[in-house]
>>> print(open('model.cif').read())   # mmCIF, N, CA and C atoms and all ligand atoms
data_entry
loop_
_atom_site.label_atom_id
_atom_site.label_comp_id
_atom_site.auth_asym_id
_atom_site.auth_seq_id
_atom_site.Cartn_x
_atom_site.Cartn_y
_atom_site.Cartn_z
N MET A 193 88.66 98.60 91.49
CA MET A 193 88.31 97.87 92.71
C MET A 193 89.47 97.89 93.72
N TYR A 194 90.70 98.07 93.24
CA TYR A 194 91.84 98.18 94.16
C TYR A 194 92.15 99.64 94.45
N SER A 195 92.63 99.92 95.68
CA SER A 195 93.03 101.29 96.01
C SER A 195 94.33 101.63 95.27
N LYS A 196 94.63 102.94 95.24
CA LYS A 196 95.87 103.38 94.57
C LYS A 196 97.09 102.77 95.26
N LYS A 197 97.01 102.68 96.59
CA LYS A 197 98.15 102.12 97.34
C LYS A 197 98.38 100.66 96.99
N VAL A 198 97.30 99.90 96.87
CA VAL A 198 97.44 98.47 96.50
C VAL A 198 98.10 98.38 95.13
N MET A 199 97.61 99.19 94.19
CA MET A 199 98.17 99.15 92.83
C MET A 199 99.65 99.53 92.84
N ASP A 200 100.00 100.54 93.63
CA ASP A 200 101.39 100.99 93.72
C ASP A 200 102.29 99.87 94.25
N HIS A 201 101.89 99.22 95.33
CA HIS A 201 102.72 98.15 95.90
C HIS A 201 102.75 96.91 95.01
N PHE A 202 101.65 96.70 94.26
CA PHE A 202 101.60 95.57 93.33
C PHE A 202 102.54 95.82 92.14
N MET A 203 102.50 97.04 91.62
CA MET A 203 103.33 97.36 90.44
C MET A 203 104.80 97.58 90.81
N HIS A 204 105.03 98.10 92.02
CA HIS A 204 106.41 98.39 92.47
C HIS A 204 106.63 97.79 93.86
N PRO A 205 106.69 96.47 93.95
CA PRO A 205 106.83 95.85 95.27
C PRO A 205 108.14 96.25 95.96
N ARG A 206 108.04 96.56 97.26
CA ARG A 206 109.22 96.91 98.06
C ARG A 206 109.82 95.63 98.65
N ASN A 207 111.12 95.62 98.77
CA ASN A 207 111.84 94.51 99.43
C ASN A 207 111.56 93.14 98.81
N LEU A 208 111.50 93.13 97.49
CA LEU A 208 111.29 91.87 96.78
C LEU A 208 112.62 91.15 96.62
N GLY A 209 112.64 89.86 96.86
CA GLY A 209 113.87 89.09 96.65
C GLY A 209 114.15 88.15 97.79
N GLU A 210 115.39 87.73 97.85
CA GLU A 210 115.79 86.70 98.81
C GLU A 210 116.95 87.24 99.64
N ILE A 211 117.03 86.84 100.90
CA ILE A 211 118.20 87.19 101.72
C ILE A 211 119.06 85.93 101.82
N LYS A 212 120.32 86.08 101.48
CA LYS A 212 121.25 84.94 101.63
C LYS A 212 121.57 84.83 103.12
N ASN A 213 121.66 83.63 103.64
CA ASN A 213 121.90 83.39 105.07
C ASN A 213 120.94 84.16 105.97
N PRO A 214 119.64 83.96 105.82
CA PRO A 214 118.69 84.68 106.68
C PRO A 214 118.72 84.13 108.11
N ASP A 215 118.25 84.94 109.06
CA ASP A 215 118.14 84.46 110.45
C ASP A 215 116.82 83.71 110.66
N GLY A 216 115.82 84.03 109.82
CA GLY A 216 114.53 83.34 109.92
C GLY A 216 113.85 83.33 108.57
N VAL A 217 113.15 82.22 108.28
CA VAL A 217 112.42 82.11 107.01
C VAL A 217 110.99 81.66 107.31
N GLY A 218 110.04 82.27 106.62
CA GLY A 218 108.64 81.88 106.78
C GLY A 218 108.04 81.48 105.45
N PRO A 219 108.02 80.18 105.15
CA PRO A 219 107.35 79.73 103.92
C PRO A 219 105.87 79.42 104.22
N VAL A 220 104.97 79.97 103.43
CA VAL A 220 103.55 79.69 103.65
C VAL A 220 102.83 79.46 102.32
N GLY A 221 101.71 78.77 102.42
CA GLY A 221 100.87 78.53 101.24
C GLY A 221 99.43 78.88 101.59
N ASN A 222 98.70 79.37 100.61
CA ASN A 222 97.30 79.70 100.83
C ASN A 222 96.44 78.51 100.37
N PRO A 223 95.78 77.83 101.32
CA PRO A 223 95.01 76.64 100.94
C PRO A 223 93.83 76.97 100.03
N VAL A 224 93.36 78.23 100.08
CA VAL A 224 92.18 78.61 99.27
C VAL A 224 92.52 78.61 97.77
N CYS A 225 93.72 79.13 97.42
CA CYS A 225 94.01 79.30 96.00
C CYS A 225 95.29 78.59 95.55
N GLY A 226 96.10 78.12 96.52
CA GLY A 226 97.34 77.42 96.16
C GLY A 226 98.53 78.34 95.97
N ASP A 227 98.35 79.66 96.17
CA ASP A 227 99.48 80.58 96.05
C ASP A 227 100.46 80.40 97.21
N VAL A 228 101.73 80.73 96.95
CA VAL A 228 102.76 80.53 97.98
C VAL A 228 103.62 81.78 98.13
N MET A 229 104.21 81.91 99.30
CA MET A 229 105.21 82.97 99.50
C MET A 229 106.22 82.57 100.54
N LYS A 230 107.35 83.26 100.52
CA LYS A 230 108.45 83.00 101.44
C LYS A 230 108.95 84.36 101.91
N LEU A 231 109.10 84.51 103.22
CA LEU A 231 109.57 85.78 103.77
C LEU A 231 110.84 85.53 104.57
N TYR A 232 111.83 86.37 104.36
CA TYR A 232 113.15 86.22 105.00
C TYR A 232 113.42 87.39 105.92
N ILE A 233 114.02 87.13 107.09
CA ILE A 233 114.41 88.23 107.98
C ILE A 233 115.86 88.09 108.44
N LYS A 234 116.45 89.24 108.68
CA LYS A 234 117.75 89.33 109.35
C LYS A 234 117.51 90.12 110.63
N VAL A 235 118.02 89.62 111.74
CA VAL A 235 117.76 90.24 113.03
C VAL A 235 119.06 90.82 113.60
N LYS A 236 118.94 92.02 114.16
CA LYS A 236 120.11 92.66 114.75
C LYS A 236 119.79 92.95 116.21
N LYS A 237 120.80 92.74 117.08
CA LYS A 237 120.58 93.06 118.50
C LYS A 237 120.91 94.53 118.73
N ASN A 238 120.00 95.21 119.40
CA ASN A 238 120.22 96.61 119.75
C ASN A 238 119.93 96.75 121.24
N LYS A 239 120.98 96.82 122.04
CA LYS A 239 120.86 96.76 123.50
C LYS A 239 120.11 95.49 123.88
N ASP A 240 118.95 95.62 124.56
CA ASP A 240 118.24 94.40 124.96
C ASP A 240 117.18 94.01 123.94
N LYS A 241 117.09 94.77 122.82
CA LYS A 241 116.04 94.47 121.85
C LYS A 241 116.58 93.76 120.62
N GLU A 242 115.71 92.95 120.01
CA GLU A 242 116.05 92.31 118.74
C GLU A 242 115.22 92.98 117.66
N ILE A 243 115.92 93.54 116.68
CA ILE A 243 115.28 94.36 115.66
C ILE A 243 115.32 93.65 114.30
N ILE A 244 114.24 93.78 113.54
CA ILE A 244 114.25 93.27 112.15
C ILE A 244 115.01 94.27 111.30
N ASN A 245 116.21 93.87 110.96
CA ASN A 245 117.14 94.78 110.28
C ASN A 245 116.96 94.73 108.77
N GLU A 246 116.63 93.55 108.28
CA GLU A 246 116.44 93.36 106.85
C GLU A 246 115.29 92.40 106.65
N ILE A 247 114.50 92.64 105.61
CA ILE A 247 113.35 91.76 105.36
C ILE A 247 113.06 91.74 103.86
N LYS A 248 112.85 90.55 103.34
CA LYS A 248 112.54 90.42 101.90
C LYS A 248 111.53 89.31 101.70
N PHE A 249 110.87 89.36 100.56
CA PHE A 249 109.90 88.30 100.27
C PHE A 249 109.94 87.88 98.81
N GLN A 250 109.50 86.65 98.60
CA GLN A 250 109.29 86.13 97.24
C GLN A 250 107.89 85.56 97.24
N THR A 251 107.16 85.79 96.18
CA THR A 251 105.81 85.24 96.15
C THR A 251 105.38 84.82 94.76
N LEU A 252 104.58 83.81 94.75
CA LEU A 252 103.91 83.36 93.53
C LEU A 252 102.45 83.50 93.89
N GLY A 253 101.91 84.69 93.66
CA GLY A 253 100.54 84.91 94.11
C GLY A 253 99.88 86.03 93.35
N CYS A 254 98.68 86.35 93.77
CA CYS A 254 97.88 87.37 93.09
C CYS A 254 98.35 88.77 93.48
N GLY A 255 97.73 89.77 92.88
CA GLY A 255 98.07 91.17 93.15
C GLY A 255 97.95 91.53 94.62
N SER A 256 96.91 91.05 95.28
CA SER A 256 96.71 91.36 96.70
C SER A 256 97.81 90.74 97.55
N ALA A 257 98.21 89.53 97.18
CA ALA A 257 99.27 88.85 97.94
C ALA A 257 100.58 89.63 97.80
N ILE A 258 100.86 90.10 96.61
CA ILE A 258 102.09 90.87 96.38
C ILE A 258 102.03 92.20 97.13
N ALA A 259 100.91 92.90 97.02
CA ALA A 259 100.78 94.20 97.68
C ALA A 259 100.86 94.08 99.21
N THR A 260 100.20 93.06 99.78
CA THR A 260 100.25 92.92 101.23
C THR A 260 101.64 92.49 101.70
N SER A 261 102.31 91.66 100.91
CA SER A 261 103.68 91.25 101.27
C SER A 261 104.60 92.46 101.26
N SER A 262 104.48 93.26 100.22
CA SER A 262 105.31 94.46 100.10
C SER A 262 105.05 95.40 101.28
N MET A 263 103.78 95.60 101.60
CA MET A 263 103.44 96.51 102.70
C MET A 263 103.92 95.96 104.04
N ILE A 264 103.81 94.66 104.26
CA ILE A 264 104.20 94.11 105.56
C ILE A 264 105.71 94.24 105.75
N THR A 265 106.47 94.15 104.68
CA THR A 265 107.92 94.31 104.85
C THR A 265 108.23 95.74 105.27
N GLU A 266 107.47 96.71 104.75
CA GLU A 266 107.70 98.11 105.15
C GLU A 266 107.29 98.33 106.60
N LEU A 267 106.21 97.68 107.01
CA LEU A 267 105.73 97.86 108.39
C LEU A 267 106.68 97.21 109.39
N ALA A 268 107.26 96.08 109.02
CA ALA A 268 108.06 95.30 109.98
C ALA A 268 109.52 95.76 110.04
N LYS A 269 110.00 96.38 108.99
CA LYS A 269 111.41 96.76 108.94
C LYS A 269 111.74 97.78 110.04
N GLY A 270 112.78 97.47 110.80
CA GLY A 270 113.20 98.39 111.87
C GLY A 270 112.43 98.20 113.17
N LYS A 271 111.42 97.32 113.16
CA LYS A 271 110.64 97.07 114.37
C LYS A 271 111.30 95.99 115.22
N SER A 272 111.00 96.03 116.53
CA SER A 272 111.47 94.93 117.38
C SER A 272 110.61 93.70 117.08
N LEU A 273 111.11 92.54 117.48
CA LEU A 273 110.34 91.32 117.21
C LEU A 273 108.98 91.37 117.91
N GLN A 274 108.96 91.95 119.13
CA GLN A 274 107.69 92.05 119.86
C GLN A 274 106.69 92.91 119.10
N GLN A 275 107.18 94.04 118.55
CA GLN A 275 106.27 94.91 117.78
C GLN A 275 105.80 94.22 116.51
N ALA A 276 106.74 93.55 115.84
CA ALA A 276 106.41 92.89 114.57
C ALA A 276 105.40 91.76 114.77
N GLN A 277 105.46 91.12 115.96
CA GLN A 277 104.53 90.02 116.22
C GLN A 277 103.09 90.51 116.34
N LYS A 278 102.94 91.81 116.56
CA LYS A 278 101.57 92.35 116.71
C LYS A 278 100.96 92.78 115.38
N ILE A 279 101.74 92.69 114.29
CA ILE A 279 101.21 93.11 112.98
C ILE A 279 100.23 92.05 112.46
N THR A 280 99.01 92.48 112.19
CA THR A 280 97.98 91.55 111.71
C THR A 280 97.64 91.85 110.24
N ASN A 281 96.92 90.92 109.62
CA ASN A 281 96.54 91.16 108.22
C ASN A 281 95.57 92.34 108.12
N GLN A 282 94.76 92.56 109.16
CA GLN A 282 93.86 93.73 109.14
C GLN A 282 94.64 95.03 109.13
N MET A 283 95.73 95.07 109.91
CA MET A 283 96.58 96.28 109.94
C MET A 283 97.18 96.54 108.57
N VAL A 284 97.63 95.47 107.93
CA VAL A 284 98.25 95.62 106.61
C VAL A 284 97.21 96.12 105.60
N ALA A 285 96.02 95.53 105.62
CA ALA A 285 94.96 95.94 104.70
C ALA A 285 94.60 97.41 104.92
N LYS A 286 94.57 97.84 106.19
CA LYS A 286 94.24 99.23 106.50
C LYS A 286 95.29 100.18 105.92
N GLN A 287 96.55 99.79 106.06
CA GLN A 287 97.64 100.63 105.53
C GLN A 287 97.57 100.74 104.01
N LEU A 288 96.93 99.75 103.38
CA LEU A 288 96.79 99.77 101.92
C LEU A 288 95.49 100.45 101.50
N ASP A 289 94.82 101.11 102.46
CA ASP A 289 93.51 101.74 102.22
C ASP A 289 92.46 100.71 101.83
N GLY A 290 92.59 99.53 102.41
CA GLY A 290 91.57 98.51 102.24
C GLY A 290 91.81 97.56 101.08
N LEU A 291 91.23 96.37 101.23
CA LEU A 291 91.25 95.35 100.17
C LEU A 291 89.80 94.95 99.91
N PRO A 292 89.49 94.55 98.69
CA PRO A 292 88.13 94.04 98.46
C PRO A 292 87.89 92.85 99.38
N PRO A 293 86.67 92.72 99.96
CA PRO A 293 86.42 91.64 100.94
C PRO A 293 86.80 90.27 100.44
N GLU A 294 86.57 90.00 99.17
CA GLU A 294 86.88 88.65 98.66
C GLU A 294 88.38 88.44 98.52
N LYS A 295 89.17 89.48 98.74
CA LYS A 295 90.63 89.36 98.64
C LYS A 295 91.31 89.38 100.01
N MET A 296 90.51 89.46 101.09
CA MET A 296 91.11 89.52 102.43
C MET A 296 91.90 88.25 102.74
N HIS A 297 91.46 87.11 102.23
CA HIS A 297 92.19 85.86 102.54
C HIS A 297 93.62 85.93 102.02
N CYS A 298 93.85 86.72 100.96
CA CYS A 298 95.19 86.84 100.39
C CYS A 298 96.16 87.51 101.37
N SER A 299 95.60 88.40 102.22
CA SER A 299 96.46 89.14 103.14
C SER A 299 96.96 88.25 104.27
N ASN A 300 96.31 87.10 104.49
CA ASN A 300 96.78 86.17 105.53
C ASN A 300 98.17 85.64 105.21
N LEU A 301 98.44 85.51 103.93
CA LEU A 301 99.71 84.94 103.50
C LEU A 301 100.88 85.74 104.09
N ALA A 302 100.85 87.05 103.91
CA ALA A 302 101.94 87.91 104.38
C ALA A 302 102.05 87.89 105.90
N ALA A 303 100.90 88.01 106.57
CA ALA A 303 100.92 88.05 108.04
C ALA A 303 101.42 86.72 108.60
N ASP A 304 100.95 85.61 108.03
CA ASP A 304 101.39 84.29 108.50
C ASP A 304 102.88 84.09 108.24
N ALA A 305 103.35 84.55 107.09
CA ALA A 305 104.77 84.36 106.75
C ALA A 305 105.66 85.13 107.71
N LEU A 306 105.24 86.34 108.08
CA LEU A 306 106.05 87.14 109.02
C LEU A 306 106.12 86.43 110.38
N GLN A 307 104.98 85.95 110.87
CA GLN A 307 104.97 85.28 112.18
C GLN A 307 105.81 84.00 112.13
N LYS A 308 105.74 83.31 111.01
CA LYS A 308 106.50 82.06 110.86
C LYS A 308 108.00 82.34 110.82
N ALA A 309 108.39 83.41 110.15
CA ALA A 309 109.82 83.76 110.06
C ALA A 309 110.36 84.14 111.44
N ILE A 310 109.55 84.86 112.22
CA ILE A 310 109.99 85.24 113.58
C ILE A 310 110.14 83.99 114.44
N LYS A 311 109.16 83.08 114.36
CA LYS A 311 109.22 81.82 115.13
C LYS A 311 110.44 81.01 114.72
N ASP A 312 110.70 80.96 113.42
CA ASP A 312 111.83 80.21 112.90
C ASP A 312 113.13 80.75 113.52
N TYR A 313 113.24 82.07 113.57
CA TYR A 313 114.42 82.70 114.17
C TYR A 313 114.51 82.34 115.65
N GLN A 314 113.40 82.45 116.37
CA GLN A 314 113.43 82.18 117.82
C GLN A 314 113.77 80.73 118.10
N GLN A 315 113.27 79.81 117.27
CA GLN A 315 113.57 78.40 117.48
C GLN A 315 115.01 78.08 117.16
N SER A 316 115.56 78.73 116.15
CA SER A 316 116.94 78.42 115.77
C SER A 316 117.93 78.93 116.82
N LYS A 317 117.47 79.87 117.65
CA LYS A 317 118.34 80.41 118.72
C LYS A 317 118.48 79.43 119.87
N LYS A 318 117.41 78.61 120.06
CA LYS A 318 117.38 77.71 121.23
C LYS A 318 118.41 76.60 121.12
FE1 LIG B 1 95.87 83.49 96.04
FE2 LIG B 1 95.27 85.98 96.44
S1 LIG B 1 94.23 84.59 95.14
S2 LIG B 1 96.77 84.82 97.45
#
>>> encode(input="model.cif", output="structure tokens")
Amino acid sequence: MYSKKVMDHFMHPRNLGEIKNPDGVGPVGNPVCGDVMKLYIKVKKNKDKEIINEIKFQTLGCGSAIATSSMITELAKGKSLQQAQKITNQMVAKQLDGLPPEKMHCSNLAADALQKAIKDYQQSKK
């Protein structure tokens, strides 16, 4: 029922772990199932742009939550904050060659955590 890409990211998650002294943190919980995740970012200034230089996640969740978190870190790494803000859970699911419909809610966790981490960084700058 899962695509090969989902299985690959689930079995070998990319950018798993914690960043010490992160610039932004996005802790989120899924109200449907109670699973949780935390996403950390480090931001680097490159001329007038702010780039996601480092990104890691920790999750206590199902296979879909792990696979989407892993994929979103790959999609967001090296992107400007503006580009990263446009990443949606549908984009992540597409990159994974799809998720079973009943598992789409799991992909919200990763997308929400990324947006929350970016907001956290922007607020801490003010
Ligand atoms: Fe909880 Fe997938 S069942 S995130």
>>> axis_aligned_box(input="model.cif", around="ligand LIG 1 (chain B)", padding_each_side="8 Å", output="lines of an AutoDock Vina configuration file")
center_x = 95.5
center_y = 84.7
center_z = 96.3
size_x = 18.5
size_y = 18.5
size_z = 18.3
>>> select_by_dssp(input="model.cif", residues="region 194-300 of chain A", states="strand (DSSP E or B)", output="number ranges by chain")
A: 208, 216-221, 228-238, 241-252, 272
>>> residues_near_ligand(input="model.cif", ligand="ligand LIG 1 (chain B)", cutoff="6.5 Å", atoms="all atoms listed in the file", output="list in words")
Asn222, Val224, Cys225, Gly226, Asp227, Val228, Gly253, Cys254, Gly255, Ser256, Ala257, Lys295, His297, Cys298 and Ser299 of chain A
>>> write_last_selection(input="model.cif", atoms="N, CA and C atoms", output="compact mmCIF listing (two decimals), keeping the file's coordinate frame")
# COMPACT_ATOMS: atom_id res chain seq x y z
N ASN A 222 98.70 79.37 100.61
CA ASN A 222 97.30 79.70 100.83
C ASN A 222 96.44 78.51 100.37
N VAL A 224 93.36 78.23 100.08
CA VAL A 224 92.18 78.61 99.27
C VAL A 224 92.52 78.61 97.77
N CYS A 225 93.72 79.13 97.42
CA CYS A 225 94.01 79.30 96.00
C CYS A 225 95.29 78.59 95.55
N GLY A 226 96.10 78.12 96.52
CA GLY A 226 97.34 77.42 96.16
C GLY A 226 98.53 78.34 95.97
N ASP A 227 98.35 79.66 96.17
CA ASP A 227 99.48 80.58 96.05
C ASP A 227 100.46 80.40 97.21
N VAL A 228 101.73 80.73 96.95
CA VAL A 228 102.76 80.53 97.98
C VAL A 228 103.62 81.78 98.13
N GLY A 253 101.91 84.69 93.66
CA GLY A 253 100.54 84.91 94.11
C GLY A 253 99.88 86.03 93.35
N CYS A 254 98.68 86.35 93.77
CA CYS A 254 97.88 87.37 93.09
C CYS A 254 98.35 88.77 93.48
N GLY A 255 97.73 89.77 92.88
CA GLY A 255 98.07 91.17 93.15
C GLY A 255 97.95 91.53 94.62
N SER A 256 96.91 91.05 95.28
CA SER A 256 96.71 91.36 96.70
C SER A 256 97.81 90.74 97.55
N ALA A 257 98.21 89.53 97.18
CA ALA A 257 99.27 88.85 97.94
C ALA A 257 100.58 89.63 97.80
N LYS A 295 89.17 89.48 98.74
CA LYS A 295 90.63 89.36 98.64
C LYS A 295 91.31 89.38 100.01
N HIS A 297 91.46 87.11 102.23
CA HIS A 297 92.19 85.86 102.54
C HIS A 297 93.62 85.93 102.02
N CYS A 298 93.85 86.72 100.96
CA CYS A 298 95.19 86.84 100.39
C CYS A 298 96.16 87.51 101.37
N SER A 299 95.60 88.40 102.22
CA SER A 299 96.46 89.14 103.14
C SER A 299 96.96 88.25 104.27
>>> residues_near_point(input="model.cif", point="(114.1, 93.9, 109.3)", cutoff="9 Å", atoms="only C-alpha atoms", output="PyMOL selection string")
chain A and resi 232-236+243-248+265-266+268-272
>>> select_by_dssp(input="model.cif", residues="chain A", states="helix (DSSP H, G or I)", output="PyMOL selection string")
chain A and resi 196-203+255-268+273-277+281-287+293-317
>>> residues_around(input="model.cif", residues="Tyr194 (chain A)", least_positions_apart="4", cutoff="6.5 Å", atoms="only N, CA and C atoms", output="MDAnalysis selection string")
chainID A and resid 198:199 292
>>> closest_residue(input="model.cif", among="A:Leu288, A:Met203, A:Ile279, A:Leu208", to="Gln307 (chain A)", atoms="only N, CA and C atoms")
A:Ile279
>>> closest_residue(input="model.cif", among="A:Asn238, A:Ser316, A:Thr260, A:Gln275", to="Asn300 (chain A)", atoms="only N, CA and C atoms")
A:Thr260
>>> atom_distance(input="model.cif", atom1="atom C of Asp304 (chain A)", atom2="CA of Val220 (chain A)")
6.4 Å
>>> closest_residue(input="model.cif", among="A:Leu301, A:Met193, A:Gln282, A:Lys311", to="Pro223 (chain A)", atoms="only C-alpha atoms")
A:Leu301
>>> atom_distance(input="model.cif", atom1="atom N of Pro205 (chain A)", atom2="atom C of Gln277 (chain A)")
23.4 Å
>>> atom_distance(input="model.cif", atom1="atom C of Lys278 (chain A)", atom2="atom C of Val217 (chain A)")
17.0 Å
>>> build_atoms(input="model.cif", residues="region 207-216 of chain A", atoms="all heavy atoms", output="short mmCIF file (atom, residue, chain, number, x, y, z; two decimals), in the frame of the given file")
data_model
loop_
_atom_site.label_atom_id
_atom_site.label_comp_id
_atom_site.auth_asym_id
_atom_site.auth_seq_id
_atom_site.Cartn_x
_atom_site.Cartn_y
_atom_site.Cartn_z
N ASN A 207 111.12 95.62 98.77
CA ASN A 207 111.84 94.51 99.43
C ASN A 207 111.56 93.14 98.81
O ASN A 207 111.38 92.15 99.51
CB ASN A 207 111.50 94.48 100.93
CG ASN A 207 111.77 95.80 101.59
OD1 ASN A 207 112.89 96.32 101.55
ND2 ASN A 207 110.75 96.39 102.20
N LEU A 208 111.50 93.13 97.49
CA LEU A 208 111.29 91.87 96.78
C LEU A 208 112.62 91.15 96.62
O LEU A 208 113.62 91.79 96.30
CB LEU A 208 110.68 92.19 95.41
CG LEU A 208 110.25 91.03 94.53
CD1 LEU A 208 109.09 90.26 95.15
CD2 LEU A 208 109.83 91.55 93.16
N GLY A 209 112.64 89.86 96.86
CA GLY A 209 113.87 89.09 96.65
C GLY A 209 114.15 88.15 97.79
O GLY A 209 113.26 87.82 98.57
N GLU A 210 115.39 87.73 97.85
CA GLU A 210 115.79 86.70 98.81
C GLU A 210 116.95 87.24 99.64
O GLU A 210 117.76 87.99 99.12
CB GLU A 210 116.26 85.48 98.00
CG GLU A 210 116.61 84.29 98.81
CD GLU A 210 117.14 83.14 97.92
OE1 GLU A 210 117.12 83.30 96.67
OE2 GLU A 210 117.59 82.15 98.45
N ILE A 211 117.03 86.84 100.90
CA ILE A 211 118.20 87.19 101.72
C ILE A 211 119.06 85.93 101.82
O ILE A 211 118.55 84.87 102.20
CB ILE A 211 117.79 87.66 103.14
CG1 ILE A 211 116.95 88.94 103.06
CG2 ILE A 211 119.02 87.88 104.02
CD1 ILE A 211 116.47 89.45 104.41
N LYS A 212 120.32 86.08 101.48
CA LYS A 212 121.25 84.94 101.63
C LYS A 212 121.57 84.83 103.12
O LYS A 212 121.76 85.84 103.78
CB LYS A 212 122.54 85.19 100.86
CG LYS A 212 122.32 85.38 99.37
CD LYS A 212 122.20 84.05 98.61
CE LYS A 212 121.85 84.32 97.15
NZ LYS A 212 120.90 83.36 96.59
N ASN A 213 121.66 83.63 103.64
CA ASN A 213 121.90 83.39 105.07
C ASN A 213 120.94 84.16 105.97
O ASN A 213 121.37 84.93 106.81
CB ASN A 213 123.34 83.76 105.46
CG ASN A 213 124.35 83.06 104.61
OD1 ASN A 213 124.22 81.87 104.38
ND2 ASN A 213 125.33 83.80 104.13
N PRO A 214 119.64 83.96 105.82
CA PRO A 214 118.69 84.68 106.68
C PRO A 214 118.72 84.13 108.11
O PRO A 214 119.16 82.99 108.32
CB PRO A 214 117.34 84.38 106.03
CG PRO A 214 117.53 83.08 105.35
CD PRO A 214 118.96 83.03 104.91
N ASP A 215 118.25 84.94 109.06
CA ASP A 215 118.14 84.46 110.45
C ASP A 215 116.82 83.71 110.66
O ASP A 215 116.70 82.90 111.57
CB ASP A 215 118.23 85.64 111.42
CG ASP A 215 119.61 86.28 111.37
OD1 ASP A 215 120.59 85.54 111.23
OD2 ASP A 215 119.69 87.52 111.48
N GLY A 216 115.82 84.03 109.82
CA GLY A 216 114.53 83.34 109.92
C GLY A 216 113.85 83.33 108.57
O GLY A 216 113.97 84.30 107.81
#
